[in-house]
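Shown below: data_27.cif, with mmCIF, C-alpha atoms.
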```cif
data_input
loop_
_atom_site.group_PDB
_atom_site.id
_atom_site.type_symbol
_atom_site.label_atom_id
_atom_site.label_comp_id
_atom_site.auth_asym_id
_atom_site.auth_seq_id
_atom_site.Cartn_x
_atom_site.Cartn_y
_atom_site.Cartn_z
ATOM 1 C CA MET G 101 1.418 -0.082 -31.716
ATOM 2 C CA VAL G 102 0.903 3.137 -29.779
ATOM 3 C CA PRO G 103 4.238 4.618 -28.633
ATOM 4 C CA LEU G 104 4.855 4.709 -24.874
ATOM 5 C CA ASN G 105 5.329 8.496 -25.046
ATOM 6 C CA TRP G 106 1.696 9.023 -25.983
ATOM 7 C CA TYR G 107 0.444 7.298 -22.841
ATOM 8 C CA LEU G 108 2.877 9.285 -20.700
ATOM 9 C CA VAL G 109 1.738 12.584 -22.257
ATOM 10 C CA VAL G 110 -1.939 11.727 -21.678
ATOM 11 C CA ALA G 111 -1.160 10.787 -18.069
ATOM 12 C CA ALA G 112 0.774 14.044 -17.580
ATOM 13 C CA ALA G 113 -2.160 16.044 -18.993
ATOM 14 C CA LEU G 114 -4.633 14.258 -16.700
ATOM 15 C CA PHE G 115 -2.299 14.895 -13.746
ATOM 16 C CA CYS G 116 -2.151 18.620 -14.511
ATOM 17 C CA ILE G 117 -5.938 18.824 -14.905
ATOM 18 C CA GLY G 118 -6.335 17.138 -11.515
ATOM 19 C CA LEU G 119 -3.713 19.422 -9.988
ATOM 20 C CA TYR G 120 -5.577 22.492 -11.236
ATOM 21 C CA GLY G 121 -8.827 21.127 -9.813
ATOM 22 C CA ALA G 122 -7.274 20.322 -6.437
ATOM 23 C CA LEU G 123 -5.639 23.758 -6.153
ATOM 24 C CA SER G 124 -8.350 26.028 -7.488
ATOM 25 C CA ARG G 125 -11.672 24.701 -6.171
ATOM 26 C CA ARG G 126 -13.378 26.106 -3.093
ATOM 27 C CA ASN G 127 -15.543 23.084 -2.409
ATOM 28 C CA ALA G 128 -13.878 20.220 -0.530
ATOM 29 C CA VAL G 129 -15.691 17.565 -2.593
ATOM 30 C CA ALA G 130 -14.384 19.149 -5.805
ATOM 31 C CA VAL G 131 -10.833 19.091 -4.391
ATOM 32 C CA LEU G 132 -11.264 15.366 -3.734
ATOM 33 C CA MET G 133 -12.350 14.877 -7.372
ATOM 34 C CA GLY G 134 -9.102 16.542 -8.483
ATOM 35 C CA ILE G 135 -7.101 14.180 -6.266
ATOM 36 C CA GLU G 136 -8.892 11.175 -7.783
ATOM 37 C CA LEU G 137 -7.918 12.421 -11.264
ATOM 38 C CA ILE G 138 -4.280 12.674 -10.114
ATOM 39 C CA LEU G 139 -4.353 9.087 -8.787
ATOM 40 C CA ASN G 140 -5.804 7.890 -12.097
ATOM 41 C CA ALA G 141 -3.004 9.620 -14.006
ATOM 42 C CA VAL G 142 -0.423 7.864 -11.822
ATOM 43 C CA ASN G 143 -2.090 4.530 -12.499
ATOM 44 C CA ILE G 144 -1.997 5.097 -16.272
ATOM 45 C CA ASN G 145 1.753 5.670 -15.941
ATOM 46 C CA LEU G 146 2.221 2.495 -13.886
ATOM 47 C CA ILE G 147 0.287 0.335 -16.315
ATOM 48 C CA ALA G 148 1.951 1.880 -19.388
ATOM 49 C CA PHE G 149 5.431 1.213 -17.974
ATOM 50 C CA TRP G 150 4.371 -2.325 -17.039
ATOM 51 C CA ARG G 151 3.131 -2.999 -20.580
ATOM 52 C CA TYR G 152 6.125 -1.527 -22.399
ATOM 53 C CA VAL G 153 9.072 -2.273 -20.102
ATOM 54 C CA THR G 154 8.379 -5.424 -18.040
ATOM 55 C CA PRO G 155 5.297 -7.188 -19.434
ATOM 56 C CA LYS G 156 6.573 -10.567 -18.196
ATOM 57 C CA GLU G 157 6.287 -9.554 -14.530
ATOM 58 C CA VAL G 158 3.123 -8.262 -12.899
ATOM 59 C CA THR G 159 4.778 -5.798 -10.493
ATOM 60 C CA GLY G 160 3.306 -2.725 -12.196
ATOM 61 C CA GLN G 161 -0.239 -4.076 -12.094
ATOM 62 C CA ILE G 162 0.129 -5.040 -8.432
ATOM 63 C CA PHE G 163 1.323 -1.549 -7.558
ATOM 64 C CA ALA G 164 -1.699 -0.122 -9.399
ATOM 65 C CA ILE G 165 -4.018 -2.415 -7.425
ATOM 66 C CA PHE G 166 -2.506 -1.093 -4.178
ATOM 67 C CA VAL G 167 -3.136 2.452 -5.442
ATOM 68 C CA PHE G 168 -6.782 1.458 -6.032
ATOM 69 C CA ALA G 169 -7.130 0.205 -2.459
ATOM 70 C CA VAL G 170 -5.511 3.299 -0.956
ATOM 71 C CA ALA G 171 -7.664 5.579 -3.159
ATOM 72 C CA ALA G 172 -10.811 3.802 -1.976
ATOM 73 C CA ALA G 173 -9.754 4.196 1.669
ATOM 74 C CA GLU G 174 -8.891 7.863 1.076
ATOM 75 C CA ALA G 175 -12.237 8.590 -0.588
ATOM 76 C CA ALA G 176 -14.205 6.897 2.208
ATOM 77 C CA VAL G 177 -12.394 8.725 5.014
ATOM 78 C CA GLY G 178 -12.309 12.060 3.147
ATOM 79 C CA LEU G 179 -16.006 12.063 2.382
ATOM 80 C CA ALA G 180 -16.841 10.990 5.951
ATOM 81 C CA LEU G 181 -14.762 13.938 7.195
ATOM 82 C CA MET G 182 -16.694 16.290 4.901
ATOM 83 C CA ILE G 183 -20.042 15.005 6.147
ATOM 84 C CA GLY G 184 -18.839 15.384 9.736
ATOM 85 C CA ILE G 185 -17.600 18.933 9.075
ATOM 86 C CA TYR G 186 -20.828 19.850 7.289
ATOM 87 C CA ARG G 187 -22.810 18.652 10.284
ATOM 88 C CA THR G 188 -20.957 20.888 12.738
ATOM 89 C CA ARG G 189 -20.002 23.918 10.593
ATOM 90 C CA ASP G 190 -22.783 23.856 7.948
ATOM 91 C CA THR G 191 -20.336 24.355 5.064
ATOM 92 C CA VAL G 192 -17.686 22.518 3.055
ATOM 93 C CA ASN G 193 -16.215 25.718 1.628
ATOM 94 C CA LEU G 194 -12.492 25.359 2.304
ATOM 95 C CA GLU G 195 -12.024 29.120 2.756
ATOM 96 C CA GLU G 196 -14.328 29.105 5.780
ATOM 97 C CA LEU G 197 -12.709 26.053 7.390
ATOM 98 C CA ASP G 198 -9.892 27.873 9.188
ATOM 99 C CA LEU G 199 -10.330 26.455 12.685
ATOM 100 C CA LEU G 200 -6.660 25.430 12.906
ATOM 101 C CA LYS G 201 -5.356 28.775 11.638
ATOM 102 C CA GLY G 202 -3.346 30.545 14.336
ATOM 103 C CA MET P 260 4.174 7.652 -40.464
ATOM 104 C CA ALA P 261 0.765 6.115 -41.107
ATOM 105 C CA ILE P 262 -1.669 6.049 -38.212
ATOM 106 C CA THR P 263 -2.834 2.560 -37.311
ATOM 107 C CA PRO P 264 -6.405 1.798 -36.137
ATOM 108 C CA GLN P 265 -5.104 1.191 -32.620
ATOM 109 C CA GLN P 266 -3.654 4.696 -32.557
ATOM 110 C CA VAL P 267 -6.971 6.143 -33.748
ATOM 111 C CA VAL P 268 -8.737 4.335 -30.898
ATOM 112 C CA PHE P 269 -6.096 5.620 -28.460
ATOM 113 C CA ILE P 270 -6.588 9.214 -29.621
ATOM 114 C CA LEU P 271 -10.377 8.957 -29.313
ATOM 115 C CA ILE P 272 -10.149 7.496 -25.784
ATOM 116 C CA SER P 273 -7.599 10.127 -24.760
ATOM 117 C CA VAL P 274 -9.797 12.951 -26.017
ATOM 118 C CA LEU P 275 -12.736 11.475 -24.065
ATOM 119 C CA THR P 276 -10.667 11.099 -20.883
ATOM 120 C CA LEU P 277 -9.046 14.531 -20.993
ATOM 121 C CA GLY P 278 -12.227 16.301 -22.128
ATOM 122 C CA CYS P 279 -14.238 14.789 -19.292
ATOM 123 C CA GLY P 280 -11.382 15.605 -16.888
ATOM 124 C CA LEU P 281 -11.416 19.245 -18.008
ATOM 125 C CA MET P 282 -15.173 19.422 -17.514
ATOM 126 C CA VAL P 283 -14.698 18.009 -13.976
ATOM 127 C CA VAL P 284 -12.499 20.921 -12.964
ATOM 128 C CA LEU P 285 -14.289 23.626 -14.999
ATOM 129 C CA SER P 286 -17.972 22.807 -14.512
ATOM 130 C CA ARG P 287 -19.823 25.262 -12.279
ATOM 131 C CA ASN P 288 -22.280 22.672 -11.008
ATOM 132 C CA LEU P 289 -20.678 20.190 -8.616
ATOM 133 C CA PHE P 290 -23.144 17.456 -9.504
ATOM 134 C CA HIS P 291 -22.245 17.793 -13.189
ATOM 135 C CA SER P 292 -18.582 17.563 -12.147
ATOM 136 C CA ALA P 293 -19.303 14.216 -10.487
ATOM 137 C CA LEU P 294 -20.974 12.924 -13.664
ATOM 138 C CA TRP P 295 -18.068 14.094 -15.853
ATOM 139 C CA LEU P 296 -15.752 12.326 -13.399
ATOM 140 C CA VAL P 297 -17.518 9.043 -14.243
ATOM 141 C CA GLY P 298 -16.791 9.681 -17.934
ATOM 142 C CA SER P 299 -13.134 10.320 -17.179
ATOM 143 C CA PHE P 300 -12.853 7.124 -15.089
ATOM 144 C CA PHE P 301 -14.450 5.200 -17.945
ATOM 145 C CA GLY P 302 -11.887 6.585 -20.387
ATOM 146 C CA VAL P 303 -9.060 5.531 -18.066
ATOM 147 C CA ALA P 304 -10.572 2.028 -17.884
ATOM 148 C CA ALA P 305 -10.600 1.931 -21.694
ATOM 149 C CA LEU P 306 -6.905 2.944 -21.685
ATOM 150 C CA TYR P 307 -6.183 -0.006 -19.363
ATOM 151 C CA GLY P 308 -8.013 -2.246 -21.816
ATOM 152 C CA LEU P 309 -5.889 -0.868 -24.657
ATOM 153 C CA LEU P 310 -2.781 -1.635 -22.567
ATOM 154 C CA GLU P 311 -3.974 -5.260 -22.202
ATOM 155 C CA ALA P 312 -4.492 -4.976 -18.443
ATOM 156 C CA GLU P 313 -7.988 -6.496 -18.434
ATOM 157 C CA PHE P 314 -8.139 -7.104 -14.688
ATOM 158 C CA LEU P 315 -7.278 -3.468 -13.987
ATOM 159 C CA ALA P 316 -9.902 -2.274 -16.489
ATOM 160 C CA VAL P 317 -12.650 -4.258 -14.758
ATOM 161 C CA ALA P 318 -11.387 -3.252 -11.309
ATOM 162 C CA GLN P 319 -11.364 0.407 -12.421
ATOM 163 C CA ILE P 320 -15.026 0.203 -13.431
ATOM 164 C CA LEU P 321 -16.019 -1.674 -10.257
ATOM 165 C CA ILE P 322 -14.041 0.383 -7.737
ATOM 166 C CA TYR P 323 -13.860 3.865 -9.256
ATOM 167 C CA ILE P 324 -17.180 4.110 -11.075
ATOM 168 C CA GLY P 325 -19.106 1.693 -8.866
ATOM 169 C CA ALA P 326 -17.842 2.800 -5.475
ATOM 170 C CA ILE P 327 -15.847 6.046 -5.444
ATOM 171 C CA ALA P 328 -17.970 8.016 -7.941
ATOM 172 C CA THR P 329 -21.128 6.907 -6.117
ATOM 173 C CA LEU P 330 -19.634 8.013 -2.792
ATOM 174 C CA ILE P 331 -18.784 11.399 -4.309
ATOM 175 C CA VAL P 332 -22.343 11.818 -5.625
ATOM 176 C CA PHE P 333 -23.675 10.997 -2.161
ATOM 177 C CA ALA P 334 -21.307 13.477 -0.522
ATOM 178 C CA THR P 335 -22.325 16.150 -3.059
ATOM 179 C CA MET P 336 -25.967 15.687 -2.192
ATOM 180 C CA LEU P 337 -25.468 15.407 1.583
ATOM 181 C CA THR P 338 -23.424 18.600 1.877
ATOM 182 C CA ARG P 339 -25.406 21.076 -0.221
ATOM 183 C CA GLY P 340 -22.240 21.267 -2.260
ATOM 184 C CA MET P 341 -23.927 22.268 -5.501
ATOM 185 C CA MET P 342 -24.827 25.846 -4.458
ATOM 186 C CA LEU P 343 -26.221 26.256 -7.951
ATOM 187 C CA GLY P 344 -24.657 29.374 -9.420
ATOM 188 C CA ARG P 345 -24.934 31.240 -6.128
ATOM 189 C CA MET P 346 -21.209 31.463 -5.538
ATOM 190 C CA LYS P 347 -18.012 31.141 -7.494
ATOM 191 C CA MET P 348 -16.601 27.623 -7.619
ATOM 192 C CA SER P 349 -12.961 28.680 -7.825
ATOM 193 C CA ASN P 350 -10.947 30.370 -5.112
ATOM 194 C CA PHE P 351 -8.602 33.377 -5.218
ATOM 195 C CA GLN P 352 -5.607 31.306 -6.346
ATOM 196 C CA SER P 353 -7.263 29.761 -9.427
ATOM 197 C CA GLY P 354 -5.304 31.973 -11.837
ATOM 198 C CA VAL P 355 -1.970 31.065 -10.262
ATOM 199 C CA SER P 356 -2.843 27.370 -10.161
ATOM 200 C CA ALA P 357 -3.839 27.426 -13.836
ATOM 201 C CA VAL P 358 -0.447 28.920 -14.710
ATOM 202 C CA VAL P 359 1.346 26.343 -12.519
ATOM 203 C CA ALA P 360 -0.589 23.449 -14.079
ATOM 204 C CA VAL P 361 0.093 24.618 -17.655
ATOM 205 C CA LEU P 362 3.798 25.202 -16.937
ATOM 206 C CA LEU P 363 4.118 21.772 -15.286
ATOM 207 C CA LEU P 364 2.386 20.183 -18.270
ATOM 208 C CA GLY P 365 4.763 21.916 -20.677
ATOM 209 C CA LEU P 366 7.798 20.819 -18.668
ATOM 210 C CA LEU P 367 6.591 17.212 -18.406
ATOM 211 C CA VAL P 368 5.737 16.963 -22.112
ATOM 212 C CA MET P 369 9.116 18.423 -23.042
ATOM 213 C CA VAL P 370 10.949 15.875 -20.884
ATOM 214 C CA LEU P 371 8.741 12.921 -21.871
ATOM 215 C CA LEU P 372 9.182 13.509 -25.590
ATOM 216 C CA GLN P 373 12.977 13.811 -25.341
ATOM 217 C CA VAL P 374 13.783 10.701 -23.308
ATOM 218 C CA ASN P 375 14.295 7.520 -25.297
ATOM 219 C CA TRP P 376 12.420 5.014 -23.121
ATOM 220 C CA PRO P 377 13.861 1.473 -23.084
ATOM 221 C CA THR P 378 10.754 -0.258 -24.386
ATOM 222 C CA GLU P 379 10.531 -3.941 -25.129
ATOM 223 C CA ALA P 380 8.004 -5.112 -27.725
ATOM 224 C CA VAL P 381 7.120 -8.378 -25.993
ATOM 225 C CA PRO P 382 3.602 -9.825 -26.090
ATOM 226 C CA VAL P 383 1.855 -10.023 -22.738
ATOM 227 C CA PRO P 384 1.643 -13.559 -21.305
ATOM 228 C CA GLY P 385 -1.880 -14.900 -21.581
ATOM 229 C CA ASP P 386 -2.524 -15.688 -17.916
ATOM 230 C CA THR P 387 -1.826 -12.300 -16.346
ATOM 231 C CA ILE P 388 -4.702 -12.629 -13.900
ATOM 232 C CA ALA P 389 -3.377 -15.947 -12.588
ATOM 233 C CA MET P 390 0.065 -14.359 -12.226
ATOM 234 C CA ILE P 391 -1.429 -11.474 -10.230
ATOM 235 C CA GLY P 392 -3.257 -13.932 -7.984
ATOM 236 C CA ASN P 393 -0.107 -15.970 -7.421
ATOM 237 C CA ALA P 394 1.942 -12.874 -6.653
ATOM 238 C CA PHE P 395 -0.603 -11.726 -4.070
ATOM 239 C CA VAL P 396 -0.266 -14.942 -2.062
ATOM 240 C CA SER P 397 3.487 -15.401 -2.463
ATOM 241 C CA ALA P 398 5.833 -12.441 -2.909
ATOM 242 C CA TYR P 399 3.347 -9.697 -1.956
ATOM 243 C CA VAL P 400 1.452 -11.458 0.831
ATOM 244 C CA ILE P 401 2.516 -9.003 3.574
ATOM 245 C CA PRO P 402 1.629 -5.814 1.601
ATOM 246 C CA PHE P 403 -1.650 -7.487 0.608
ATOM 247 C CA GLU P 404 -2.573 -8.151 4.234
ATOM 248 C CA VAL P 405 -1.500 -4.643 5.265
ATOM 249 C CA VAL P 406 -3.685 -3.104 2.546
ATOM 250 C CA SER P 407 -6.670 -5.201 3.610
ATOM 251 C CA LEU P 408 -6.135 -4.041 7.200
ATOM 252 C CA LEU P 409 -5.880 -0.424 5.956
ATOM 253 C CA LEU P 410 -9.207 -0.779 4.132
ATOM 254 C CA LEU P 411 -10.858 -2.233 7.227
ATOM 255 C CA VAL P 412 -9.520 0.562 9.449
ATOM 256 C CA ALA P 413 -10.553 3.202 6.895
ATOM 257 C CA LEU P 414 -14.102 1.869 6.656
ATOM 258 C CA VAL P 415 -14.562 1.606 10.435
ATOM 259 C CA GLY P 416 -13.027 5.073 10.818
ATOM 260 C CA ALA P 417 -15.312 6.533 8.141
ATOM 261 C CA ILE P 418 -18.373 5.186 9.950
ATOM 262 C CA MET P 419 -17.087 6.537 13.276
ATOM 263 C CA ILE P 420 -16.428 10.006 11.821
ATOM 264 C CA ALA P 421 -19.686 10.341 9.885
ATOM 265 C CA ARG P 422 -22.181 8.901 12.374
ATOM 266 C CA GLU P 423 -24.659 10.972 14.350
ATOM 267 C CA ARG P 424 -23.552 11.827 17.869
#
```

Give the structure from the file, written as structure tokens.
Amino acid sequence: MVPLNWYLVVAAALFCIGLYGALSRRNAVAVLMGIELILNAVNINLIAFWRYVTPKEVTGQIFAIFVFAVAAAEAAVGLALMIGIYRTRDTVNLEELDLLKG
Amino acid sequence: MAITPQQVVFILISVLTLGCGLMVVLSRNLFHSALWLVGSFFGVAALYGLLEAEFLAVAQILIYIGAIATLIVFATMLTRGMMLGRMKMSNFQSGVSAVVAVLLLGLLVMVLLQVNWPTEAVPVPGDTIAMIGNAFVSAYVIPFEVVSLLLLVALVGAIMIARER
């Protein structure tokens, strides 16, 4: 059987890739892709701990399903915001979206 | 230590997932990033399958690949996000964020490999999906209803924000 550590290392690597994407991209859609990668990494952790520590209870899977639902809501609202911003400002470049900057 | 076939499959899936994830954040064309993202989601679904969470694997394909990745492709096309090669895709802090990500990865790997996790080699009960269904209508009924309300509010809000005025 695959050791639990391996899953955790893969999830950590995916998290760091997503973190880099979310921090370094200029395009708002690309930042959202990084956040989706981060959420996926968290879900791998949840499912791996469920499988290796408490496989008799389904708590880990249920938590992951809630993460799915929240990620879907976040993607829908985030992309709607981007389309709304693009309509008024004609860009989704995060460096030009400084309306709230004092 | 001999490597079992399951471990070989795990390594192949991990390489697919992480490789596609790297291409998502490094690709210069945003549309290609969206396609690589589908590959990464598929690899994660395969990891769920390897962890014997079949329901999650199917839900991952339906929700992430079927809904979220499609939404992202739509948003890419509706916002002229591709800007093919005309401008840099990374901002001024990309160097710093690369260093932060690599350092965080090193720290996490160091910690994860040292801790002796209390694992329990128990086979998964056969009717996991029935157990999930039961849990959603008994112990987790309030969170379940709250999440359904959240989804409804998010969808109505998304339509309100994105519609023509």

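What separates atom CA of Leu199 of chain G from atom CA of Arg287 of chain P is a distance of 26.7 Å.
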
What are the residues of chain G lining chain P at 8 Å or less? Count all atoms listed in the file, and put the answer as a PyMOL selection string.
chain G and resi 101-102+104-105+108-110+112-114+116-121+123-127+129-130+133-134+137+140+144+147-148+151-156+158+161-162+164-166+168-170+172-177+179-184+186+191-192

For segment 123-126 of chain G, take all atoms listed in the file, fit an axis-aligned box around them, add 4 Å to each of the six sides, then output centre and edge lengths in Å rounded to one decimal, as JSON.
```
{"center_x": -9.5, "center_y": 24.9, "center_z": -5.3, "size_x": 15.7, "size_y": 10.3, "size_z": 12.4}
```

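Our summary of the geometry notes that atom CA of Phe301 of chain P is positioned 10.8 Å from atom CA of Gly325 of chain P.
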
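The spacing separating atom CA of Leu132 of chain G from atom CA of Trp295 of chain P amounts to 14.0 Å.
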
Taking into account only C-alpha atoms, which residue in the set G:Ile138, G:Arg189, G:Ala122, G:Asn145 is nearest to Tyr107 of chain G?
G:Asn145
